[in-house]
>>> print(open('model17.pdb').read())   # PDB, C-alpha atoms, pLDDT in the B column
MODEL        1
ATOM      1  CA  MET A   1     110.558  85.595  69.833  1.00 92.00           C
ATOM      2  CA  ASP A   2     113.908  83.852  70.276  1.00 97.00           C
ATOM      3  CA  LEU A   3     115.152  83.122  66.756  1.00 98.00           C
ATOM      4  CA  GLY A   4     117.539  80.445  67.997  1.00 98.00           C
ATOM      5  CA  LEU A   5     120.580  82.018  66.337  1.00 98.00           C
ATOM      6  CA  GLU A   6     122.769  83.000  69.276  1.00 98.00           C
ATOM      7  CA  GLY A   7     126.379  81.967  68.755  1.00 98.00           C
ATOM      8  CA  LYS A   8     126.025  81.280  65.050  1.00 98.00           C
ATOM      9  CA  THR A   9     128.116  83.020  62.395  1.00 98.00           C
ATOM     10  CA  ALA A  10     126.927  84.997  59.386  1.00 98.00           C
ATOM     11  CA  LEU A  11     128.818  86.228  56.368  1.00 98.00           C
ATOM     12  CA  VAL A  12     126.987  89.256  54.955  1.00 98.00           C
ATOM     13  CA  CYS A  13     128.243  90.499  51.609  1.00 98.00           C
ATOM     14  CA  ALA A  14     128.220  94.186  50.678  1.00 98.00           C
ATOM     15  CA  SER A  15     127.137  95.136  54.190  1.00 98.00           C
ATOM     16  CA  SER A  16     128.977  98.344  55.039  1.00 98.00           C
ATOM     17  CA  ARG A  17     125.750 100.269  54.368  1.00 97.00           C
ATOM     18  CA  GLY A  18     122.224  99.990  53.008  1.00 97.00           C
ATOM     19  CA  LEU A  19     120.281  96.750  52.998  1.00 98.00           C
ATOM     20  CA  GLY A  20     123.341  94.617  53.711  1.00 98.00           C
ATOM     21  CA  PHE A  21     124.124  96.609  56.846  1.00 98.00           C
ATOM     22  CA  ALA A  22     120.491  96.376  57.957  1.00 98.00           C
ATOM     23  CA  CYS A  23     120.664  92.579  57.689  1.00 98.00           C
ATOM     24  CA  ALA A  24     123.990  92.412  59.514  1.00 98.00           C
ATOM     25  CA  GLU A  25     122.662  94.589  62.330  1.00 98.00           C
ATOM     26  CA  ALA A  26     119.452  92.583  62.715  1.00 98.00           C
ATOM     27  CA  LEU A  27     121.364  89.294  62.869  1.00 98.00           C
ATOM     28  CA  ALA A  28     123.872  90.714  65.343  1.00 98.00           C
ATOM     29  CA  ARG A  29     121.006  91.740  67.621  1.00 98.00           C
ATOM     30  CA  GLU A  30     120.043  88.068  67.722  1.00 98.00           C
ATOM     31  CA  GLY A  31     123.501  87.116  68.993  1.00 98.00           C
ATOM     32  CA  VAL A  32     125.006  86.155  65.632  1.00 98.00           C
ATOM     33  CA  ASN A  33     128.718  86.795  65.081  1.00 98.00           C
ATOM     34  CA  ILE A  34     129.074  88.779  61.874  1.00 98.00           C
ATOM     35  CA  VAL A  35     131.556  89.197  59.048  1.00 98.00           C
ATOM     36  CA  ILE A  36     130.736  92.380  57.167  1.00 98.00           C
ATOM     37  CA  ASN A  37     132.126  93.427  53.818  1.00 98.00           C
ATOM     38  CA  GLY A  38     132.549  96.463  51.611  1.00 98.00           C
ATOM     39  CA  ARG A  39     134.826  98.007  49.017  1.00 97.00           C
ATOM     40  CA  ASP A  40     135.451 101.301  50.825  1.00 97.00           C
ATOM     41  CA  ARG A  41     137.713 100.817  53.837  1.00 98.00           C
ATOM     42  CA  GLY A  42     136.577 104.004  55.573  1.00 98.00           C
ATOM     43  CA  CYS A  43     132.877 103.203  55.209  1.00 98.00           C
ATOM     44  CA  LEU A  44     133.513  99.603  56.274  1.00 98.00           C
ATOM     45  CA  ASP A  45     135.391 100.634  59.412  1.00 98.00           C
ATOM     46  CA  GLU A  46     132.599 103.038  60.352  1.00 98.00           C
ATOM     47  CA  ALA A  47     130.026 100.290  59.953  1.00 98.00           C
ATOM     48  CA  ALA A  48     132.049  97.874  62.093  1.00 98.00           C
ATOM     49  CA  ALA A  49     132.490 100.511  64.787  1.00 98.00           C
ATOM     50  CA  ALA A  50     128.766 101.248  64.821  1.00 97.00           C
ATOM     51  CA  LEU A  51     127.923  97.581  65.328  1.00 98.00           C
ATOM     52  CA  ARG A  52     130.588  97.060  67.995  1.00 98.00           C
ATOM     53  CA  SER A  53     129.436 100.110  69.930  1.00 96.00           C
ATOM     54  CA  THR A  54     126.023  98.627  70.753  1.00 94.00           C
ATOM     55  CA  LEU A  55     126.229  94.868  70.236  1.00 96.00           C
ATOM     56  CA  ARG A  56     128.090  92.212  72.199  1.00 94.00           C
ATOM     57  CA  VAL A  57     129.035  89.889  69.350  1.00 98.00           C
ATOM     58  CA  THR A  58     132.174  89.421  67.296  1.00 98.00           C
ATOM     59  CA  ILE A  59     132.298  91.759  64.294  1.00 98.00           C
ATOM     60  CA  ARG A  60     134.936  91.219  61.623  1.00 98.00           C
ATOM     61  CA  ALA A  61     135.314  93.506  58.626  1.00 98.00           C
ATOM     62  CA  VAL A  62     136.711  92.333  55.285  1.00 98.00           C
ATOM     63  CA  CYS A  63     137.463  94.909  52.611  1.00 98.00           C
ATOM     64  CA  GLY A  64     137.013  93.658  49.062  1.00 98.00           C
ATOM     65  CA  ASP A  65     134.747  93.457  46.037  1.00 98.00           C
ATOM     66  CA  VAL A  66     132.594  90.328  46.194  1.00 98.00           C
ATOM     67  CA  ALA A  67     132.248  90.462  42.410  1.00 97.00           C
ATOM     68  CA  THR A  68     135.926  89.513  42.084  1.00 98.00           C
ATOM     69  CA  LYS A  69     137.699  86.229  42.816  1.00 98.00           C
ATOM     70  CA  GLU A  70     140.070  88.080  45.107  1.00 98.00           C
ATOM     71  CA  GLY A  71     137.255  89.676  47.078  1.00 98.00           C
ATOM     72  CA  ARG A  72     135.455  86.369  47.519  1.00 98.00           C
ATOM     73  CA  ALA A  73     138.682  84.657  48.551  1.00 98.00           C
ATOM     74  CA  ALA A  74     139.268  87.274  51.253  1.00 98.00           C
ATOM     75  CA  LEU A  75     135.744  86.806  52.611  1.00 98.00           C
ATOM     76  CA  LEU A  76     135.989  83.032  52.642  1.00 98.00           C
ATOM     77  CA  SER A  77     139.411  83.146  54.252  1.00 98.00           C
ATOM     78  CA  ALA A  78     137.934  85.157  57.130  1.00 97.00           C
ATOM     79  CA  CYS A  79     134.821  82.959  57.364  1.00 97.00           C
ATOM     80  CA  PRO A  80     135.115  79.680  55.446  1.00 97.00           C
ATOM     81  CA  GLU A  81     132.161  77.894  57.073  1.00 98.00           C
ATOM     82  CA  PRO A  82     129.397  80.349  58.006  1.00 98.00           C
ATOM     83  CA  ASP A  83     126.052  79.138  59.322  1.00 98.00           C
ATOM     84  CA  ILE A  84     124.385  81.964  57.409  1.00 99.00           C
ATOM     85  CA  LEU A  85     125.270  83.514  54.059  1.00 99.00           C
ATOM     86  CA  VAL A  86     123.585  86.719  52.957  1.00 99.00           C
ATOM     87  CA  ASN A  87     124.394  87.469  49.331  1.00 98.00           C
ATOM     88  CA  ASN A  88     124.197  91.100  48.344  1.00 98.00           C
ATOM     89  CA  ASN A  89     125.803  93.465  45.880  1.00 97.00           C
ATOM     90  CA  ALA A  90     125.125  96.877  44.411  1.00 93.00           C
ATOM     91  CA  GLY A  91     122.637  96.820  41.572  1.00 93.00           C
ATOM     92  CA  PRO A  92     123.469  98.050  38.072  1.00 93.00           C
ATOM     93  CA  ASP A  93     122.552 101.579  37.078  1.00 91.00           C
ATOM     94  CA  PRO A  94     119.288 102.077  35.184  1.00 92.00           C
ATOM     95  CA  GLN A  95     119.883 102.270  31.435  1.00 93.00           C
ATOM     96  CA  ASP A  96     117.886 102.225  28.224  1.00 93.00           C
ATOM     97  CA  PHE A  97     118.170  98.760  26.674  1.00 96.00           C
ATOM     98  CA  LEU A  98     119.732  99.897  23.387  1.00 96.00           C
ATOM     99  CA  ALA A  99     122.370 101.942  25.220  1.00 95.00           C
ATOM    100  CA  ILE A 100     123.771  98.988  27.191  1.00 97.00           C
ATOM    101  CA  GLU A 101     127.239  97.960  26.002  1.00 96.00           C
ATOM    102  CA  ASP A 102     128.346  94.341  25.693  1.00 96.00           C
ATOM    103  CA  GLU A 103     130.801  94.581  28.579  1.00 97.00           C
ATOM    104  CA  THR A 104     128.143  96.131  30.821  1.00 97.00           C
ATOM    105  CA  TRP A 105     126.017  93.001  30.480  1.00 97.00           C
ATOM    106  CA  GLY A 106     128.993  90.904  31.517  1.00 97.00           C
ATOM    107  CA  GLN A 107     129.653  93.089  34.544  1.00 97.00           C
ATOM    108  CA  ALA A 108     126.038  92.913  35.708  1.00 97.00           C
ATOM    109  CA  ILE A 109     125.872  89.142  35.335  1.00 98.00           C
ATOM    110  CA  GLN A 110     129.175  88.720  37.161  1.00 98.00           C
ATOM    111  CA  ALA A 111     128.179  90.987  40.052  1.00 98.00           C
ATOM    112  CA  ASN A 112     124.550  89.950  40.521  1.00 98.00           C
ATOM    113  CA  MET A 113     124.455  86.320  39.362  1.00 98.00           C
ATOM    114  CA  ILE A 114     127.859  84.633  39.169  1.00 98.00           C
ATOM    115  CA  ALA A 115     129.346  86.116  42.354  1.00 98.00           C
ATOM    116  CA  PRO A 116     126.518  84.975  44.663  1.00 98.00           C
ATOM    117  CA  ILE A 117     126.456  81.548  43.028  1.00 98.00           C
ATOM    118  CA  MET A 118     130.191  81.163  43.687  1.00 98.00           C
ATOM    119  CA  MET A 119     129.692  82.145  47.322  1.00 98.00           C
ATOM    120  CA  VAL A 120     126.939  79.556  47.725  1.00 98.00           C
ATOM    121  CA  ARG A 121     129.106  76.869  46.137  1.00 98.00           C
ATOM    122  CA  ALA A 122     131.916  77.642  48.573  1.00 98.00           C
ATOM    123  CA  VAL A 123     129.895  77.512  51.804  1.00 98.00           C
ATOM    124  CA  LEU A 124     127.329  74.839  50.972  1.00 98.00           C
ATOM    125  CA  PRO A 125     129.324  71.658  51.783  1.00 98.00           C
ATOM    126  CA  ALA A 126     129.885  72.658  55.426  1.00 98.00           C
ATOM    127  CA  MET A 127     126.221  73.658  55.824  1.00 98.00           C
ATOM    128  CA  ILE A 128     125.150  70.251  54.551  1.00 98.00           C
ATOM    129  CA  ALA A 129     127.618  68.478  56.831  1.00 98.00           C
ATOM    130  CA  ARG A 130     126.391  70.255  59.974  1.00 98.00           C
ATOM    131  CA  ARG A 131     122.734  70.015  58.881  1.00 98.00           C
ATOM    132  CA  PHE A 132     122.098  73.708  59.286  1.00 98.00           C
ATOM    133  CA  GLY A 133     122.420  76.471  56.752  1.00 98.00           C
ATOM    134  CA  ARG A 134     120.577  79.618  55.825  1.00 99.00           C
ATOM    135  CA  ILE A 135     121.251  81.287  52.484  1.00 99.00           C
ATOM    136  CA  VAL A 136     119.528  84.576  51.723  1.00 99.00           C
ATOM    137  CA  ASN A 137     119.937  86.363  48.415  1.00 98.00           C
ATOM    138  CA  ILE A 138     119.051  90.037  48.301  1.00 98.00           C
ATOM    139  CA  THR A 139     117.734  90.454  44.771  1.00 98.00           C
ATOM    140  CA  SER A 140     115.136  92.971  43.586  1.00 97.00           C
ATOM    141  CA  ALA A 141     111.472  93.480  42.796  1.00 96.00           C
ATOM    142  CA  MET A 142     112.697  93.714  39.199  1.00 96.00           C
ATOM    143  CA  VAL A 143     112.932  89.907  39.173  1.00 97.00           C
ATOM    144  CA  THR A 144     109.134  89.553  39.155  1.00 97.00           C
ATOM    145  CA  THR A 145     108.098  92.994  37.876  1.00 96.00           C
ATOM    146  CA  PRO A 146     110.737  93.968  35.287  1.00 96.00           C
ATOM    147  CA  ARG A 147     110.906  97.532  33.977  1.00 94.00           C
ATOM    148  CA  PRO A 148     112.369  98.651  30.621  1.00 94.00           C
ATOM    149  CA  HIS A 149     115.199 100.691  32.166  1.00 92.00           C
ATOM    150  CA  MET A 150     116.141  97.915  34.608  1.00 95.00           C
ATOM    151  CA  THR A 151     116.855  95.025  32.231  1.00 96.00           C
ATOM    152  CA  LEU A 152     120.383  94.608  33.590  1.00 96.00           C
ATOM    153  CA  SER A 153     119.090  94.075  37.107  1.00 96.00           C
ATOM    154  CA  SER A 154     116.134  91.884  36.199  1.00 97.00           C
ATOM    155  CA  GLY A 155     118.128  89.746  33.776  1.00 97.00           C
ATOM    156  CA  ALA A 156     121.051  88.942  36.064  1.00 98.00           C
ATOM    157  CA  ARG A 157     118.968  88.479  39.188  1.00 98.00           C
ATOM    158  CA  ALA A 158     116.330  86.360  37.504  1.00 98.00           C
ATOM    159  CA  GLY A 159     119.147  84.047  36.449  1.00 98.00           C
ATOM    160  CA  LEU A 160     120.305  83.810  40.066  1.00 98.00           C
ATOM    161  CA  THR A 161     116.732  83.171  41.197  1.00 98.00           C
ATOM    162  CA  ALA A 162     116.283  80.281  38.785  1.00 98.00           C
ATOM    163  CA  SER A 163     119.605  78.703  39.759  1.00 98.00           C
ATOM    164  CA  MET A 164     118.848  78.947  43.467  1.00 98.00           C
ATOM    165  CA  LYS A 165     115.319  77.565  43.068  1.00 98.00           C
ATOM    166  CA  GLY A 166     116.639  74.371  41.569  1.00 98.00           C
ATOM    167  CA  LEU A 167     119.341  74.066  44.204  1.00 98.00           C
ATOM    168  CA  SER A 168     116.887  74.666  47.043  1.00 98.00           C
ATOM    169  CA  LEU A 169     115.035  71.473  46.126  1.00 98.00           C
ATOM    170  CA  ASP A 170     118.207  69.445  46.527  1.00 98.00           C
ATOM    171  CA  VAL A 171     119.446  70.809  49.859  1.00 98.00           C
ATOM    172  CA  ALA A 172     116.204  71.210  51.831  1.00 98.00           C
ATOM    173  CA  ARG A 173     116.560  67.690  53.250  1.00 98.00           C
ATOM    174  CA  HIS A 174     119.811  68.807  54.907  1.00 98.00           C
ATOM    175  CA  ASN A 175     118.083  71.679  56.764  1.00 98.00           C
ATOM    176  CA  VAL A 176     119.677  74.170  54.394  1.00 98.00           C
ATOM    177  CA  THR A 177     117.252  76.798  53.138  1.00 99.00           C
ATOM    178  CA  ILE A 178     117.667  79.220  50.247  1.00 99.00           C
ATOM    179  CA  ASN A 179     115.367  82.227  49.996  1.00 98.00           C
ATOM    180  CA  ASN A 180     115.372  85.535  48.178  1.00 98.00           C
ATOM    181  CA  LEU A 181     114.409  88.956  49.525  1.00 98.00           C
ATOM    182  CA  LEU A 182     112.978  91.275  46.865  1.00 98.00           C
ATOM    183  CA  PRO A 183     113.107  94.908  47.991  1.00 97.00           C
ATOM    184  CA  GLU A 184     111.190  97.741  46.392  1.00 96.00           C
ATOM    185  CA  ARG A 185     111.647 101.320  47.606  1.00 96.00           C
ATOM    186  CA  ILE A 186     113.454 100.657  50.887  1.00 97.00           C
ATOM    187  CA  ASP A 187     114.744 104.063  51.987  1.00 96.00           C
ATOM    188  CA  THR A 188     118.498 103.724  51.507  1.00 95.00           C
ATOM    189  CA  ALA A 189     121.061 105.591  49.424  1.00 90.00           C
ATOM    190  CA  ARG A 190     119.969 103.473  46.445  1.00 91.00           C
ATOM    191  CA  GLN A 191     116.607 105.269  46.401  1.00 93.00           C
ATOM    192  CA  HIS A 192     118.344 108.644  46.340  1.00 93.00           C
ATOM    193  CA  GLN A 193     120.337 107.394  43.357  1.00 91.00           C
ATOM    194  CA  MET A 194     117.134 106.252  41.666  1.00 91.00           C
ATOM    195  CA  ALA A 195     115.505 109.631  42.379  1.00 95.00           C
ATOM    196  CA  ASN A 196     118.409 111.389  40.687  1.00 94.00           C
ATOM    197  CA  ASP A 197     117.984 109.086  37.691  1.00 91.00           C
ATOM    198  CA  MET A 198     114.282 109.970  37.529  1.00 94.00           C
ATOM    199  CA  MET A 199     115.175 113.661  37.526  1.00 95.00           C
ATOM    200  CA  LYS A 200     117.298 113.172  34.412  1.00 93.00           C
ATOM    201  CA  ARG A 201     114.909 110.825  32.588  1.00 91.00           C
ATOM    202  CA  PHE A 202     111.745 112.852  33.171  1.00 94.00           C
ATOM    203  CA  GLY A 203     113.072 116.382  33.641  1.00 97.00           C
ATOM    204  CA  ILE A 204     111.584 116.771  37.126  1.00 97.00           C
ATOM    205  CA  THR A 205     112.804 118.078  40.463  1.00 97.00           C
ATOM    206  CA  TYR A 206     114.285 115.909  43.175  1.00 96.00           C
ATOM    207  CA  ASP A 207     111.260 116.504  45.412  1.00 96.00           C
ATOM    208  CA  GLU A 208     108.933 115.409  42.613  1.00 97.00           C
ATOM    209  CA  ALA A 209     111.038 112.280  42.056  1.00 97.00           C
ATOM    210  CA  ARG A 210     110.784 111.402  45.726  1.00 96.00           C
ATOM    211  CA  ARG A 211     107.032 112.038  45.665  1.00 97.00           C
ATOM    212  CA  ARG A 212     106.690 109.630  42.746  1.00 97.00           C
ATOM    213  CA  GLN A 213     108.684 107.012  44.620  1.00 96.00           C
ATOM    214  CA  VAL A 214     106.287 107.203  47.548  1.00 97.00           C
ATOM    215  CA  GLU A 215     103.224 107.181  45.281  1.00 97.00           C
ATOM    216  CA  SER A 216     104.483 104.036  43.548  1.00 95.00           C
ATOM    217  CA  ILE A 217     104.155 102.073  46.808  1.00 97.00           C
ATOM    218  CA  ALA A 218     100.751 100.798  47.917  1.00 97.00           C
ATOM    219  CA  ALA A 219     101.546 101.658  51.543  1.00 98.00           C
ATOM    220  CA  ARG A 220     102.296 105.232  50.425  1.00 98.00           C
ATOM    221  CA  ARG A 221     105.615 105.288  52.211  1.00 98.00           C
ATOM    222  CA  LEU A 222     109.129 104.004  51.686  1.00 97.00           C
ATOM    223  CA  GLY A 223     110.217 100.920  53.593  1.00 98.00           C
ATOM    224  CA  LEU A 224     112.559 101.093  56.562  1.00 98.00           C
ATOM    225  CA  PRO A 225     115.921  99.311  56.431  1.00 98.00           C
ATOM    226  CA  SER A 226     115.144  97.912  59.882  1.00 98.00           C
ATOM    227  CA  GLU A 227     112.007  96.234  58.493  1.00 98.00           C
ATOM    228  CA  PHE A 228     114.082  94.613  55.786  1.00 98.00           C
ATOM    229  CA  GLY A 229     116.741  93.465  58.259  1.00 98.00           C
ATOM    230  CA  ALA A 230     114.161  91.970  60.612  1.00 98.00           C
ATOM    231  CA  THR A 231     112.714  89.895  57.777  1.00 98.00           C
ATOM    232  CA  CYS A 232     116.176  88.627  56.910  1.00 98.00           C
ATOM    233  CA  ALA A 233     116.798  87.614  60.526  1.00 98.00           C
ATOM    234  CA  PHE A 234     113.545  85.659  60.692  1.00 98.00           C
ATOM    235  CA  VAL A 235     114.225  83.863  57.407  1.00 98.00           C
ATOM    236  CA  CYS A 236     117.570  82.796  58.903  1.00 98.00           C
ATOM    237  CA  SER A 237     115.996  81.588  62.143  1.00 98.00           C
ATOM    238  CA  VAL A 238     115.361  78.060  63.377  1.00 98.00           C
ATOM    239  CA  HIS A 239     111.639  78.760  62.931  1.00 98.00           C
ATOM    240  CA  ALA A 240     111.993  79.161  59.159  1.00 98.00           C
ATOM    241  CA  GLY A 241     113.370  75.721  58.381  1.00 98.00           C
ATOM    242  CA  PHE A 242     110.241  74.726  56.423  1.00 98.00           C
ATOM    243  CA  MET A 243     110.426  77.761  54.127  1.00 98.00           C
ATOM    244  CA  SER A 244     112.792  77.496  51.179  1.00 98.00           C
ATOM    245  CA  GLY A 245     112.978  78.436  47.525  1.00 98.00           C
ATOM    246  CA  GLN A 246     110.788  81.488  48.109  1.00 98.00           C
ATOM    247  CA  ASN A 247     110.776  85.022  46.718  1.00 98.00           C
ATOM    248  CA  ILE A 248     109.740  87.324  49.543  1.00 98.00           C
ATOM    249  CA  HIS A 249     108.540  90.756  48.449  1.00 98.00           C
ATOM    250  CA  LEU A 250     109.239  93.666  50.771  1.00 98.00           C
ATOM    251  CA  ASP A 251     107.372  96.364  48.919  1.00 97.00           C
ATOM    252  CA  GLY A 252     104.582  97.790  51.057  1.00 98.00           C
ATOM    253  CA  GLY A 253     102.033  95.525  49.404  1.00 97.00           C
ATOM    254  CA  SER A 254     102.814  96.711  45.885  1.00 97.00           C
ATOM    255  CA  TYR A 255     103.434  93.408  44.078  1.00 96.00           C
ATOM    256  CA  PRO A 256     100.465  93.239  41.650  1.00 94.00           C
ATOM    257  CA  ALA A 257     100.255  89.535  40.830  1.00 94.00           C
ATOM    258  CA  LEU A 258      98.346  86.752  42.569  1.00 91.00           C
ATOM    259  CA  VAL A 259     101.315  84.338  42.841  1.00 86.00           C
TER     260      VAL A 259
ENDMDL
END
>>> encode(input="model17.pdb", output="structure tokens")
Amino acid sequence: MDLGLEGKTALVCASSRGLGFACAEALAREGVNIVINGRDRGCLDEAAAALRSTLRVTIRAVCGDVATKEGRAALLSACPEPDILVNNNAGPDPQDFLAIEDETWGQAIQANMIAPIMMVRAVLPAMIARRFGRIVNITSAMVTTPRPHMTLSSGARAGLTASMKGLSLDVARHNVTINNLLPERIDTARQHQMANDMMKRFGITYDEARRRQVESIAARRLGLPSEFGATCAFVCSVHAGFMSGQNIHLDGGSYPALV
């Protein structure tokens, strides 16, 4: 299927690795020129080189923290009017609710709610003017299935979800869509981090933690980053213009609710 994206430009936040990189790669395979981003210059340069080695599109790399004004300014200076914005950022570490400090709440809300909202505000006018825009927020399954040790993630990202839902109703008539991708157990470095956390919380081995991760998924396997990236590319396509304001679970069929 031709997604109708060749020649368009995407700004993909926090995309030097993991889910962000998977989205950047999938979009680049569809002929989209990409601006990737990360905080670690070495990791970012490696990611850019990997994309350039196999794909015939323009790849620009911007080093900076999207959670900061300076990082966002650098991204928007390199790509002020993208056709596609993919919001992404590292999730907060799992913590027991009573152990979370005041400043930690502020950091989580800034990184996983305020920062993506500011990026949307910056790129939205040009999307409306050209009558094409695709905004994808990588959030988390914790938005719809919160867990006690993930209140930082679910709280901040649920706030983003609510803000974007309201906005999606206003901009749909301009052919600007806003959708959220909710990953659960996609096999990236984040899952290794979560396995290490399980080891500490439950006093189990790493292998047992990984086994529990797999058993928690209805498909009885972890998701592939390429599967996640392909979904992102379709949501950004010309064929997805009638789909907006949606939370799309990528969880191997594990979401337990009816709606």
>>> residues_around(input="model17.pdb", residues="A:Asp2", least_positions_apart="4", cutoff="10 Å", atoms="only C-alpha atoms", output="PyMOL selection string")
chain A and resi 6+30+234+237-239
>>> residues_near_point(input="model17.pdb", point="(132.6, 82.8, 52.9)", cutoff="9 Å", atoms="all atoms listed in the file", output="ChimeraX atom specification")
/A:10-13,35,72-82,85,119-120,122-123
>>> atom_distance(input="model17.pdb", atom1="atom CA of A:Asn33", atom2="atom CA of A:Phe132")
15.8 Å
>>> closest_atom_pairs(input="model17.pdb", of="stretch 152-204 of chain A", to="stretch 107-118 of chain A", cutoff="6 Å", atoms="all atoms listed in the file", output="CSV")
residue,atom,partner,partner_atom,distance
A:Ala156,CA,A:Ile109,CA,4.9
A:Arg157,CA,A:Met113,CA,5.9
A:Leu160,CA,A:Met113,CA,4.9
>>> axis_aligned_box(input="model17.pdb", around="stretch 163-178 of chain A", padding_each_side="4 Å", output="lines of an AutoDock Vina configuration file")
center_x = 117.4
center_y = 73.5
center_z = 48.3
size_x = 12.8
size_y = 19.5
size_z = 25.0
>>> closest_atom_pairs(input="model17.pdb", of="stretch 17-94 of chain A", to="stretch 190-213 of chain A", cutoff="10 Å", atoms="only C-alpha atoms", output="Markdown table")
| residue | atom | partner | partner_atom | distance |
| --- | --- | --- | --- | --- |
| A:Gly18 | CA | A:Arg190 | CA | 7.8 |
| A:Leu19 | CA | A:Arg190 | CA | 9.4 |
| A:Ala90 | CA | A:Arg190 | CA | 8.6 |
| A:Gly91 | CA | A:Arg190 | CA | 8.7 |
| A:Asp93 | CA | A:Met194 | CA | 8.5 |
| A:Pro94 | CA | A:Asp197 | CA | 7.6 |
>>> write_last_selection(input="model17.pdb", atoms="C-alpha atoms", output="compact mmCIF listing (two decimals), keeping the file's coordinate frame")
# COMPACT_ATOMS: atom_id res chain seq x y z
CA GLY A 18 122.22 99.99 53.01
CA LEU A 19 120.28 96.75 53.00
CA ALA A 90 125.12 96.88 44.41
CA GLY A 91 122.64 96.82 41.57
CA ASP A 93 122.55 101.58 37.08
CA PRO A 94 119.29 102.08 35.18
>>> closest_residue(input="model17.pdb", among="A:Val143, A:Leu152, A:Gly245, A:Thr231", to="A:Met164", atoms="all atoms listed in the file")
A:Gly245
